[in-house]
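Report on one structure; see the data block that follows.
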2 protein chains.
Amino acid sequence: MLSAKSQYAFKALTYLTERYNKGPVLISEIAKKKKIPLKFLENILLELKNADILDSKKGKGGGYFLKKDPAKIKVATIVRLINGPIAMLPCVSLYFYERCKNCDEKNCGLHDLMIEVRDATLEILEGRTLKDLVV
Amino acid sequence: MLSAKSQYAFKALTYLTERYNKGPVLISEIAKKKKIPLKFLENILLELKNADILDSKKGKGGGYFLKKDPAKIKVATIVRLINGPIAMLPCVSLYFYERCKNCDEKNCGLHDLMIEVRDATLEILEGRTLKDLVV
DNA sequence: TTAAAAGTCTACTAATATAATAGGGTAATA
DNA sequence: TATTACCCTATTATATTAGTAGACTTTTAA
């Protein structure tokens with residue numbers, strides 16, 4: 001399941017997508033409108049900024065805004081960034097690969113199955129962008 | 001990601017699948033062969049028994065064994081039982097449904113997207129059984 | 001030039017979930 | 001009837017997630 005943090009991130013990003021190219025938006029405004037704990041949201045937005053998804057402006061009239069076209073920001077990217085691996089096993093993760101302990105990948109039925117699940121999931125998440133979330 | 005517990009469960013079930021119809025298998029044997037903490041494994045097997053996946057025999061010559069044909073036990077069933085929801089959001093889960101807080105399902109782009117992911121995942125997990133894990 | 005606005009950053013605490021352990025209880029069988 | 005082996009509840013340990021606190025820095029506009 002996606003963490004609460006991830007859900008907050010998507011809410012904030014959706015909000016910013018709706019305001020794309022309309023100037024900076026205050027953290028406090030997003031927090032209030034989307035009912036996200038202010039300080040927690042600060043952390044999340046900062047993380048998204050450090051990952052080049054968002055940009056910000058300080059001082060009066062400042063705030064956060066999308067750094068690029070929401071149609072170019074994949075849902076999969078956000079999930080990986082805030083939630084972590086998309087795959088169901090570390091040994092089939094593309095971006096967070098780790099060997100499973102006491103498990104021989106070559107002879108693991110689960111391994112192959114979970115590759116299929118991963119691919120089916122990515123087929124969807126890699127194909128959608130923030131723009132698609134705003135219906 | 002699947003929890004360690006889930007991975008243990010699949011290892012144990014795979015082991016029992018290979019020994020289907022060959023009599024009871026000791027917990028201690030599974031624990032040793034699959035390198036699973038004994039007491040933790042006891043809990044897992046008991047849970048699987050209470051869910052009618054396994055059956056057991058007490059006393060000398062006892063142990064655990066699959067209650068039915070491994071070709072009839074779906075991977076999805078085990079995941080739900082030991083790991084919990086398969087869906088990425090509570091509001092799109094078939095077996096563990098819960099409303100997301102501060103979120104209107106009718107107007108949530110994530111909601112629809114995650115239904116697609118869920119369906120793609122289930123397409124695979126509901127179609128595979130323990131037998132398929134033993135290659 | 002300076003005060004207020006607004007994001008930045010580090011650290012901490014609380015809550016929850018996961019993983020693992022302990023140990024006595026109960027049923028079956030040789 | 002003793003031994004084997006599963007049954008069951010409770011506890012502890014560890015890790016992750018969620019949320020909070022507060023001081024700092026940059027920017028802007030009066």
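Chain identifiers are assigned as A, B, and so on, following the order in which chains appear in the structure tokens; residues are numbered from 1 within each chain, and ligands are numbered from 1 in order of appearance.
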Which of chain B counts as helix (DSSP H, G or I) under DSSP, as a ChimeraX atom specification please? /B:4-18,27-34,38-50,70-72,75-83,90-92,105-107,109-125,130-133
I'm after chain A in the frame of chain B: fit it by least squares over all Cα atoms matched in order, and give me the output as a PDB file with C-alpha atoms, in the first residue's frame.
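This went into out17.pdb:
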```pdb
ATOM      1  CA  MET A   1       6.858  -5.042  -0.886  1.00  0.00           C
ATOM      2  CA  LEU A   2       6.020  -8.452   0.539  1.00  0.00           C
ATOM      3  CA  SER A   3       6.961  -8.745   4.217  1.00  0.00           C
ATOM      4  CA  ALA A   4       9.593 -11.188   5.412  1.00  0.00           C
ATOM      5  CA  LYS A   5       6.747 -13.161   6.896  1.00  0.00           C
ATOM      6  CA  SER A   6       5.146 -13.495   3.471  1.00  0.00           C
ATOM      7  CA  GLN A   7       8.357 -14.650   1.923  1.00  0.00           C
ATOM      8  CA  TYR A   8       8.750 -17.236   4.670  1.00  0.00           C
ATOM      9  CA  ALA A   9       5.202 -18.390   4.060  1.00  0.00           C
ATOM     10  CA  PHE A  10       5.854 -18.911   0.377  1.00  0.00           C
ATOM     11  CA  LYS A  11       9.059 -20.779   1.086  1.00  0.00           C
ATOM     12  CA  ALA A  12       7.292 -23.095   3.474  1.00  0.00           C
ATOM     13  CA  LEU A  13       4.379 -23.606   1.098  1.00  0.00           C
ATOM     14  CA  THR A  14       6.704 -24.342  -1.770  1.00  0.00           C
ATOM     15  CA  TYR A  15       8.433 -26.927   0.363  1.00  0.00           C
ATOM     16  CA  LEU A  16       5.125 -28.520   1.260  1.00  0.00           C
ATOM     17  CA  THR A  17       3.982 -28.414  -2.337  1.00  0.00           C
ATOM     18  CA  GLU A  18       6.990 -30.451  -3.343  1.00  0.00           C
ATOM     19  CA  ARG A  19       5.986 -32.985  -0.690  1.00  0.00           C
ATOM     20  CA  TYR A  20       2.286 -33.006  -1.416  1.00  0.00           C
ATOM     21  CA  ASN A  21       0.696 -36.360  -0.615  1.00  0.00           C
ATOM     22  CA  LYS A  22       3.849 -37.675   0.974  1.00  0.00           C
ATOM     23  CA  GLY A  23       2.754 -37.393   4.583  1.00  0.00           C
ATOM     24  CA  PRO A  24       3.261 -34.779   7.305  1.00  0.00           C
ATOM     25  CA  VAL A  25       6.385 -32.632   7.376  1.00  0.00           C
ATOM     26  CA  LEU A  26       7.928 -31.394  10.615  1.00  0.00           C
ATOM     27  CA  ILE A  27       7.957 -27.673  11.323  1.00  0.00           C
ATOM     28  CA  SER A  28      11.540 -28.094  12.431  1.00  0.00           C
ATOM     29  CA  GLU A  29      12.477 -29.656   9.110  1.00  0.00           C
ATOM     30  CA  ILE A  30      10.985 -26.787   7.128  1.00  0.00           C
ATOM     31  CA  ALA A  31      12.611 -24.259   9.443  1.00  0.00           C
ATOM     32  CA  LYS A  32      15.993 -25.838   8.999  1.00  0.00           C
ATOM     33  CA  LYS A  33      15.846 -26.397   5.260  1.00  0.00           C
ATOM     34  CA  LYS A  34      14.409 -22.995   4.483  1.00  0.00           C
ATOM     35  CA  LYS A  35      16.290 -21.116   7.189  1.00  0.00           C
ATOM     36  CA  ILE A  36      13.246 -19.683   8.881  1.00  0.00           C
ATOM     37  CA  PRO A  37      13.197 -18.907  12.637  1.00  0.00           C
ATOM     38  CA  LEU A  38      11.390 -21.886  14.133  1.00  0.00           C
ATOM     39  CA  LYS A  39       8.959 -20.077  16.380  1.00  0.00           C
ATOM     40  CA  PHE A  40       8.099 -17.535  13.741  1.00  0.00           C
ATOM     41  CA  LEU A  41       7.402 -20.352  11.318  1.00  0.00           C
ATOM     42  CA  GLU A  42       5.122 -22.015  13.871  1.00  0.00           C
ATOM     43  CA  ASN A  43       2.978 -18.882  13.896  1.00  0.00           C
ATOM     44  CA  ILE A  44       2.855 -18.711  10.135  1.00  0.00           C
ATOM     45  CA  LEU A  45       1.907 -22.349   9.649  1.00  0.00           C
ATOM     46  CA  LEU A  46      -0.757 -22.105  12.290  1.00  0.00           C
ATOM     47  CA  GLU A  47      -2.236 -19.113  10.530  1.00  0.00           C
ATOM     48  CA  LEU A  48      -2.257 -21.028   7.266  1.00  0.00           C
ATOM     49  CA  LYS A  49      -3.928 -23.922   9.012  1.00  0.00           C
ATOM     50  CA  ASN A  50      -6.619 -21.723  10.501  1.00  0.00           C
ATOM     51  CA  ALA A  51      -7.232 -20.416   7.001  1.00  0.00           C
ATOM     52  CA  ASP A  52      -7.749 -23.960   5.713  1.00  0.00           C
ATOM     53  CA  ILE A  53      -4.686 -23.941   3.514  1.00  0.00           C
ATOM     54  CA  LEU A  54      -2.804 -26.430   5.635  1.00  0.00           C
ATOM     55  CA  ASP A  55      -3.711 -29.254   7.925  1.00  0.00           C
ATOM     56  CA  SER A  56      -1.638 -30.916  10.595  1.00  0.00           C
ATOM     57  CA  LYS A  57      -1.211 -34.055  12.601  1.00  0.00           C
ATOM     58  CA  LYS A  58      -0.048 -34.027  16.186  1.00  0.00           C
ATOM     59  CA  GLY A  59       2.154 -36.441  18.074  1.00  0.00           C
ATOM     60  CA  LYS A  60       4.880 -38.674  16.836  1.00  0.00           C
ATOM     61  CA  GLY A  61       4.984 -38.923  13.076  1.00  0.00           C
ATOM     62  CA  GLY A  62       2.981 -35.711  12.860  1.00  0.00           C
ATOM     63  CA  GLY A  63       3.635 -32.473  11.041  1.00  0.00           C
ATOM     64  CA  TYR A  64       2.089 -30.149   8.485  1.00  0.00           C
ATOM     65  CA  PHE A  65       0.787 -30.806   5.005  1.00  0.00           C
ATOM     66  CA  LEU A  66      -1.290 -29.093   2.340  1.00  0.00           C
ATOM     67  CA  LYS A  67      -4.980 -29.537   2.894  1.00  0.00           C
ATOM     68  CA  LYS A  68      -5.777 -29.500  -0.809  1.00  0.00           C
ATOM     69  CA  ASP A  69      -4.223 -29.795  -4.238  1.00  0.00           C
ATOM     70  CA  PRO A  70      -1.548 -27.087  -4.672  1.00  0.00           C
ATOM     71  CA  ALA A  71      -2.951 -26.448  -8.136  1.00  0.00           C
ATOM     72  CA  LYS A  72      -6.084 -25.162  -6.399  1.00  0.00           C
ATOM     73  CA  ILE A  73      -4.397 -22.747  -4.012  1.00  0.00           C
ATOM     74  CA  LYS A  74      -4.083 -19.297  -5.562  1.00  0.00           C
ATOM     75  CA  VAL A  75      -1.068 -17.098  -4.935  1.00  0.00           C
ATOM     76  CA  ALA A  76      -3.435 -14.170  -4.433  1.00  0.00           C
ATOM     77  CA  THR A  77      -5.077 -15.975  -1.527  1.00  0.00           C
ATOM     78  CA  ILE A  78      -1.774 -16.430   0.275  1.00  0.00           C
ATOM     79  CA  VAL A  79      -0.711 -12.835  -0.299  1.00  0.00           C
ATOM     80  CA  ARG A  80      -3.963 -11.513   1.120  1.00  0.00           C
ATOM     81  CA  LEU A  81      -3.797 -13.834   4.070  1.00  0.00           C
ATOM     82  CA  ILE A  82      -0.238 -13.209   5.172  1.00  0.00           C
ATOM     83  CA  ASN A  83       0.660  -9.867   3.622  1.00  0.00           C
ATOM     84  CA  GLY A  84      -2.663  -8.073   3.500  1.00  0.00           C
ATOM     85  CA  PRO A  85      -4.127  -5.929   0.716  1.00  0.00           C
ATOM     86  CA  ILE A  86      -2.844  -6.327  -2.825  1.00  0.00           C
ATOM     87  CA  ALA A  87      -4.121  -2.935  -3.958  1.00  0.00           C
ATOM     88  CA  MET A  88      -1.987   0.187  -3.564  1.00  0.00           C
ATOM     89  CA  LEU A  89      -4.760   2.215  -1.933  1.00  0.00           C
ATOM     90  CA  PRO A  90      -7.357   1.139   0.652  1.00  0.00           C
ATOM     91  CA  CYS A  91     -10.102   2.726  -1.435  1.00  0.00           C
ATOM     92  CA  VAL A  92      -9.513   0.328  -4.330  1.00  0.00           C
ATOM     93  CA  SER A  93      -9.052  -2.847  -2.342  1.00  0.00           C
ATOM     94  CA  LEU A  94     -11.579  -5.597  -2.938  1.00  0.00           C
ATOM     95  CA  TYR A  95     -10.981  -7.519   0.286  1.00  0.00           C
ATOM     96  CA  PHE A  96      -9.724  -4.749   2.602  1.00  0.00           C
ATOM     97  CA  TYR A  97     -11.726  -1.766   1.405  1.00  0.00           C
ATOM     98  CA  GLU A  98     -11.595   1.435   3.422  1.00  0.00           C
ATOM     99  CA  ARG A  99     -12.377   4.998   2.473  1.00  0.00           C
ATOM    100  CA  CYS A 100      -9.345   7.249   2.102  1.00  0.00           C
ATOM    101  CA  LYS A 101      -9.678  10.193   4.427  1.00  0.00           C
ATOM    102  CA  ASN A 102     -10.160  13.639   2.963  1.00  0.00           C
ATOM    103  CA  CYS A 103     -10.505  12.154  -0.441  1.00  0.00           C
ATOM    104  CA  ASP A 104     -13.478  12.041  -2.733  1.00  0.00           C
ATOM    105  CA  GLU A 105     -13.272   8.794  -4.695  1.00  0.00           C
ATOM    106  CA  LYS A 106     -15.430  10.136  -7.452  1.00  0.00           C
ATOM    107  CA  ASN A 107     -12.958  12.912  -8.166  1.00  0.00           C
ATOM    108  CA  CYS A 108      -9.681  11.219  -7.480  1.00  0.00           C
ATOM    109  CA  GLY A 109      -7.401  10.570 -10.409  1.00  0.00           C
ATOM    110  CA  LEU A 110      -5.250   8.281  -8.307  1.00  0.00           C
ATOM    111  CA  HIS A 111      -8.254   6.165  -7.441  1.00  0.00           C
ATOM    112  CA  ASP A 112      -8.997   5.275 -11.049  1.00  0.00           C
ATOM    113  CA  LEU A 113      -5.364   4.678 -11.841  1.00  0.00           C
ATOM    114  CA  MET A 114      -4.929   2.371  -8.885  1.00  0.00           C
ATOM    115  CA  ILE A 115      -7.947   0.342  -9.916  1.00  0.00           C
ATOM    116  CA  GLU A 116      -6.166  -0.344 -13.161  1.00  0.00           C
ATOM    117  CA  VAL A 117      -3.011  -1.379 -11.337  1.00  0.00           C
ATOM    118  CA  ARG A 118      -4.991  -3.605  -9.023  1.00  0.00           C
ATOM    119  CA  ASP A 119      -6.736  -5.344 -11.896  1.00  0.00           C
ATOM    120  CA  ALA A 120      -3.509  -5.899 -13.800  1.00  0.00           C
ATOM    121  CA  THR A 121      -1.934  -7.381 -10.684  1.00  0.00           C
ATOM    122  CA  LEU A 122      -4.880  -9.615  -9.875  1.00  0.00           C
ATOM    123  CA  GLU A 123      -5.004 -10.848 -13.449  1.00  0.00           C
ATOM    124  CA  ILE A 124      -1.677 -12.475 -12.645  1.00  0.00           C
ATOM    125  CA  LEU A 125      -1.938 -13.398  -8.968  1.00  0.00           C
ATOM    126  CA  GLU A 126      -5.410 -14.878  -9.224  1.00  0.00           C
ATOM    127  CA  GLY A 127      -4.351 -16.997 -12.153  1.00  0.00           C
ATOM    128  CA  ARG A 128      -1.374 -18.637 -10.504  1.00  0.00           C
ATOM    129  CA  THR A 129      -1.261 -21.322  -7.884  1.00  0.00           C
ATOM    130  CA  LEU A 130       1.287 -22.862  -5.562  1.00  0.00           C
ATOM    131  CA  LYS A 131       1.906 -25.493  -8.193  1.00  0.00           C
ATOM    132  CA  ASP A 132       3.145 -22.811 -10.578  1.00  0.00           C
ATOM    133  CA  LEU A 133       5.736 -21.701  -8.038  1.00  0.00           C
ATOM    134  CA  VAL A 134       7.434 -25.059  -8.120  1.00  0.00           C
ATOM    135  CA  VAL A 135       9.220 -25.105 -11.410  1.00  0.00           C
TER     136      VAL A 135
END
```
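Within region 11-107 of chain B, DSSP run on the backbone puts these residues in strand (DSSP E): Leu54, Asp55, Ser56, Lys57, Gly63, Tyr64, Phe65 and Leu66 of chain B.
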Give me, as a Markdown table, each residue of chain C that comes within 7 Å of chain B, together with its shortest interatomic pair and the distance in Å at one decimal, counting only C-alpha atoms (C1' of nucleotides), with rows ordered by chain and rising residue number.
```
| residue | atom | partner | partner_atom | distance |
| --- | --- | --- | --- | --- |
| C:DA20 | C1' | B:Phe40 | CA | 6.5 |
| C:DA27 | C1' | B:Lys58 | CA | 6.5 |
| C:DA28 | C1' | B:Gly59 | CA | 4.6 |
| C:DT29 | C1' | B:Gly59 | CA | 6.1 |
```
Contacts of DT16 (chain D) within 10 Å, only C-alpha atoms (C1' of nucleotides), excl. fewer than 5 positions in-chain, as a PDB file with N, CA and C atoms (P, O5', C5', C4', C3', O3' and C1' of nucleotides), in the first residue's frame:
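Result went into out-v3.pdb, see below:
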```pdb
ATOM      1  P    DT C  16      -1.218   4.841  16.853  1.00  0.00           P
ATOM      2  O5'  DT C  16      -0.521   3.784  15.878  1.00  0.00           O
ATOM      3  C5'  DT C  16      -0.087   4.221  14.590  1.00  0.00           C
ATOM      4  C4'  DT C  16       0.743   3.136  13.966  1.00  0.00           C
ATOM      5  C3'  DT C  16       0.149   1.739  14.106  1.00  0.00           C
ATOM      6  O3'  DT C  16      -0.116   1.319  12.779  1.00  0.00           O
ATOM      7  C1'  DT C  16       2.492   1.736  14.511  1.00  0.00           C
ATOM      8  P    DA C  17      -0.736  -0.107  12.444  1.00  0.00           P
ATOM      9  O5'  DA C  17       0.590  -0.835  11.943  1.00  0.00           O
ATOM     10  C5'  DA C  17       1.434  -0.181  11.003  1.00  0.00           C
ATOM     11  C4'  DA C  17       2.602  -1.092  10.701  1.00  0.00           C
ATOM     12  C3'  DA C  17       2.210  -2.559  10.541  1.00  0.00           C
ATOM     13  O3'  DA C  17       2.919  -3.017   9.411  1.00  0.00           O
ATOM     14  C1'  DA C  17       3.853  -2.350  12.226  1.00  0.00           C
ATOM     15  P    DT C  18       2.787  -4.506   8.863  1.00  0.00           P
ATOM     16  O5'  DT C  18       4.187  -5.116   9.278  1.00  0.00           O
ATOM     17  C5'  DT C  18       5.371  -4.425   8.913  1.00  0.00           C
ATOM     18  C4'  DT C  18       6.544  -5.095   9.577  1.00  0.00           C
ATOM     19  C3'  DT C  18       6.590  -6.607   9.378  1.00  0.00           C
ATOM     20  O3'  DT C  18       7.839  -6.854   8.749  1.00  0.00           O
ATOM     21  C1'  DT C  18       6.942  -6.044  11.649  1.00  0.00           C
TER      22       DT C  18
END
```
Tell me, counting only C-alpha atoms (C1' of nucleotides), for each residue of chain D within 12 Å of chain B, which pair of atoms is nearest and how far apart they are in Å to one decimal, in rows ordered by chain and increasing number, as JSON lines.
```
{"residue": "D:DA2", "atom": "C1'", "partner": "B:Lys60", "partner_atom": "CA", "distance": 11.7}
{"residue": "D:DT3", "atom": "C1'", "partner": "B:Lys60", "partner_atom": "CA", "distance": 7.9}
{"residue": "D:DT4", "atom": "C1'", "partner": "B:Lys60", "partner_atom": "CA", "distance": 4.7}
{"residue": "D:DA5", "atom": "C1'", "partner": "B:Gly59", "partner_atom": "CA", "distance": 4.9}
{"residue": "D:DC6", "atom": "C1'", "partner": "B:Lys58", "partner_atom": "CA", "distance": 5.4}
{"residue": "D:DC7", "atom": "C1'", "partner": "B:Leu46", "partner_atom": "CA", "distance": 8.1}
{"residue": "D:DC8", "atom": "C1'", "partner": "B:Asn43", "partner_atom": "CA", "distance": 9.4}
{"residue": "D:DT9", "atom": "C1'", "partner": "B:Asn43", "partner_atom": "CA", "distance": 11.4}
```
Generate a file of the selected residues that holds N, CA and C atoms (P, O5', C5', C4', C3', O3' and C1' of nucleotides), formatted as a short mmCIF file (atom, residue, chain, number, x, y, z; two decimals), in the first residue's frame.
```
data_model
loop_
_atom_site.label_atom_id
_atom_site.label_comp_id
_atom_site.auth_asym_id
_atom_site.auth_seq_id
_atom_site.Cartn_x
_atom_site.Cartn_y
_atom_site.Cartn_z
P DA D 2 4.61 -41.97 32.72
"O5'" DA D 2 5.90 -41.73 31.81
"C5'" DA D 2 6.44 -42.86 31.12
"C4'" DA D 2 6.88 -42.44 29.73
"C3'" DA D 2 7.57 -41.08 29.66
"O3'" DA D 2 8.64 -41.19 28.74
"C1'" DA D 2 5.70 -41.06 28.22
P DT D 3 9.75 -40.15 28.64
"O5'" DT D 3 9.65 -39.75 27.11
"C5'" DT D 3 9.48 -40.79 26.15
"C4'" DT D 3 8.86 -40.21 24.90
"C3'" DT D 3 9.46 -38.88 24.44
"O3'" DT D 3 9.87 -39.05 23.11
"C1'" DT D 3 7.09 -38.80 24.39
P DT D 4 10.86 -38.07 22.39
"O5'" DT D 4 9.99 -37.64 21.13
"C5'" DT D 4 9.15 -38.60 20.49
"C4'" DT D 4 8.01 -37.90 19.80
"C3'" DT D 4 8.40 -36.61 19.09
"O3'" DT D 4 8.03 -36.75 17.74
"C1'" DT D 4 6.45 -36.30 20.39
P DA D 5 8.62 -35.87 16.59
"O5'" DA D 5 7.53 -34.71 16.50
"C5'" DA D 5 6.21 -35.06 16.08
"C4'" DA D 5 5.29 -33.91 16.34
"C3'" DA D 5 5.87 -32.54 15.94
"O3'" DA D 5 4.97 -31.90 15.08
"C1'" DA D 5 4.90 -32.45 18.06
P DC D 6 5.23 -30.53 14.34
"O5'" DC D 6 3.83 -29.78 14.54
"C5'" DC D 6 2.66 -30.45 14.18
"C4'" DC D 6 1.53 -30.10 15.15
"C3'" DC D 6 1.01 -28.67 15.00
"O3'" DC D 6 -0.41 -28.72 15.14
"C1'" DC D 6 1.62 -29.06 17.21
P DC D 7 -1.34 -27.41 15.06
"O5'" DC D 7 -1.39 -26.92 16.59
"C5'" DC D 7 -2.35 -27.52 17.46
"C4'" DC D 7 -2.62 -26.60 18.64
"C3'" DC D 7 -3.07 -25.19 18.28
"O3'" DC D 7 -4.24 -24.92 19.04
"C1'" DC D 7 -1.25 -25.11 19.80
P DC D 8 -5.19 -23.69 18.71
"O5'" DC D 8 -4.60 -22.56 19.67
"C5'" DC D 8 -4.64 -22.79 21.08
"C4'" DC D 8 -3.82 -21.72 21.78
"C3'" DC D 8 -4.02 -20.30 21.24
"O3'" DC D 8 -4.79 -19.60 22.21
"C1'" DC D 8 -1.75 -20.75 21.81
P DT D 9 -5.30 -18.09 21.95
"O5'" DT D 9 -4.49 -17.29 23.05
"C5'" DT D 9 -4.18 -17.92 24.30
"C4'" DT D 9 -3.13 -17.11 25.02
"C3'" DT D 9 -3.22 -15.61 24.76
"O3'" DT D 9 -3.19 -14.94 26.01
"C1'" DT D 9 -1.02 -16.39 24.33
#
```
Can you tell me which residues surround DG22 (chain D) at a distance of at most 12 Å, considering only C-alpha atoms (C1' of nucleotides), apart from same-chain residues fewer than 6 positions away, and format the answer as a ChimeraX atom specification? /A:39 /C:9-12
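C1' of DT13 (chain C) to C1' of DT11 (chain D) spans 23.7 Å [interatomic distance, one decimal].
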